[in-house]
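To start, the structure itself, in structure tokens.
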2 protein chains.
Amino acid sequence: MNSIKVPDIIVSRLPVYLRALQYMISNGATTTSSQELGSKVGISAAQIRKDLSQFGEFGKQGTGYHIPFLIERLQQILKVELVWDVVLVGMGELGHAILRYQGFLNRGFKIVACYDSDPAKIGTKVDVYTVEDVNDLVKKIGPTGIKMAMLCVPASAAQAVTEKLLEAGIKGILNYAPVSLTVPDDVRVQYIDPVIGLQRMAYYLNDK
Amino acid sequence: MNSIKVPDIIVSRLPVYLRALQYMISNGATTTSSQELGSKVGISAAQIRKDLSQFGEFGKQGTGYHIPFLIERLQQILKVELVWDVVLVGMGELGHAILRYQGFLNRGFKIVACYDSDPAKIGTKVDVYTVEDVNDLVKKIGPTGIKMAMLCVPASAAQAVTEKLLEAGIKGILNYAPVSLTVPDDVRVQYIDPVIGLQRMAYYLNDK
């Protein structure tokens, strides 16, 4: 289905639609319209119809979208109808919070291992996980075929750990370290930096 | 400086440039070029020059950018040369991790109060903070003129708490709850949802 290249900006909106639809269905809804979905996610109905039309026909004129069907199709398009294994590197406070977050599995992701470089942490148990040595990362992850990682190490260590992740065959990095990563073209990075979000809003605020 | 409207997409990149420049200076650099900065952040040199040109002249042909000057100007443009007070709502595990994160203050933000709805949490101390009652949010925040909030409550509570934040005069919300918020046009929301980031990458991965 990816034979025609869909613009990244459209792909980036699909998870937002999926999240809204899953929220609607958890509240008992079974059908929706591009207008209603648009009002939930702050995107125009026309844009939603145009985005979805890249992937086929999803709704009927007049009756709108059948939510379970649209969810199933979006999950297939995003390849999250099954669950991806993910490794987590960096077991500081944030790493612990992420490890305990319950919202991954029902949206397509499962943390299967966690790593740190601190000898005091390696070998300790955190919930069902045993913290592993980041120096074993390449030999441990390589053979598994795991493709995704979450990076929660300090900025100063982020690029060096990234090199290990790349060597281990990781192709997608969710980066919580407040620094840009350098990766090859076939590797994706998504950034999570709360300060970037705050600064993007500060620009628009008029006074303190 | 905002008299000519700068496209949102350009504004959204400025914090990324600022972060990279601050990282460079912390490593001892004092000058850089659009090429070097571009290689750090994964954006072309031409795009960086074009983005910065929206706000004036920053570099000299041949000598590049003086990093301290460019940092100062970007901080002014983003209005983070001083520190913004921010309130945090939702004192679960994530709220605790955010409260203890040391990376806000040196980048323009300070958490000054935290709120929760759980009677077992209200009144307890977390570091230097005392958890306050979310029902007091409007009367407490309103008079302070605080404009920014971080929202770390469950998805099911997010819109209701948002209504309170709006009533209290909040104009920028960093939303960690995995749900889209409905806000008036003069209010900005930035979303932090790790699963959205993971799903955006899964689309591009070829196999599990």
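Letters for chains follow the order of the structure tokens (A, B, ...), residue numbers begin at 1 for each chain, and ligand numbers begin at 1 in the order shown.
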Long-range neighbours of Ser33 (chain A) as a list in words, 8 Å cut-off, only C-alpha atoms, 6 positions minimum in chain: Thr63, Gly64 and Tyr65 of chain A
Chain B residues near chain A within 6 Å, closest pair each, using only C-alpha atoms, as a Markdown table:
```
| residue | atom | partner | partner_atom | distance |
| --- | --- | --- | --- | --- |
| B:Ser12 | CA | A:Arg200 | CA | 5.7 |
| B:Pro15 | CA | A:Ile196 | CA | 5.6 |
| B:Val41 | CA | A:Ser180 | CA | 5.4 |
| B:Leu78 | CA | A:Tyr203 | CA | 4.5 |
| B:Lys79 | CA | A:Tyr203 | CA | 5.8 |
| B:Leu94 | CA | A:Ala97 | CA | 5.9 |
| B:Ala97 | CA | A:Leu94 | CA | 5.9 |
| B:Gly172 | CA | A:Met201 | CA | 6.0 |
| B:Ser180 | CA | A:Val41 | CA | 5.4 |
| B:Gln190 | CA | A:Gly197 | CA | 5.6 |
| B:Ile196 | CA | A:Pro15 | CA | 5.5 |
| B:Gly197 | CA | A:Gln190 | CA | 5.6 |
| B:Arg200 | CA | A:Ser12 | CA | 5.7 |
| B:Met201 | CA | A:Gly172 | CA | 6.0 |
| B:Tyr203 | CA | A:Leu78 | CA | 4.5 |
```
Just list as a PyMOL selection string whatever in region 47-196 of chain A DSSP marks as alpha helix (DSSP H). chain A and resi 47-53+67-77+93-100+137-141+155-167+194-196
Point-to-point distance from CA of Ala160 (chain B) to CA of Gly90 (chain B), Å rounded to tenths: 12.6 Å
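Reported to one decimal place, the separation of CA of Pro68 (chain B) from CA of Thr31 (chain B) is 8.2 Å.
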From the list B:Leu88, B:Glu81, B:Gly123, B:Leu70, which residue is nearest Asn106 (chain B) when using only C-alpha atoms?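 Using only C-alpha atoms, Asn106 (chain B) sits closest to B:Glu81.
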Given the choices B:Thr130, B:Thr124, B:Thr30, B:Ser117, which gets closest to Val161 (chain B) if the distance is worked out from only C-alpha atoms? B:Ser117
For a quick check of understanding, using only C-alpha atoms, which of A:Pro143, A:Gly38, A:Val138, A:Thr32 has the smallest distance to Lys60 (chain A)?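 Using only C-alpha atoms, the shortest distance to Lys60 (chain A) belongs to A:Thr32.
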For Asp51 (chain B), work out the shell of residues within 8 Å, counting only C-alpha atoms and skipping chain neighbours fewer than 4 positions away, then give it as an NGL selection string. :B and (10 or 47 or 55)
Output file for the residues above (N, CA and C atoms, as a JSON list (two decimals), in the first residue's frame):
```
[["chain", "number", "residue", "atom", "x", "y", "z"],
["B", 10, "ILE", "N", 7.92, 27.48, 10.46],
["B", 10, "ILE", "CA", 9.24, 28.08, 10.73],
["B", 10, "ILE", "C", 9.42, 28.29, 12.23],
["B", 47, "GLN", "N", 17.59, 25.95, 4.16],
["B", 47, "GLN", "CA", 16.36, 26.14, 4.94],
["B", 47, "GLN", "C", 16.62, 26.95, 6.21],
["B", 55, "PHE", "N", 13.75, 36.91, 10.46],
["B", 55, "PHE", "CA", 13.87, 37.71, 11.68],
["B", 55, "PHE", "C", 15.03, 38.69, 11.63]]
```
What separation in Å, quoted to one decimal, exists between CA of Ala120 (chain B) and CA of Val128 (chain A)?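 Calculated distance between CA of Ala120 (chain B) and CA of Val128 (chain A) is 27.3 Å.
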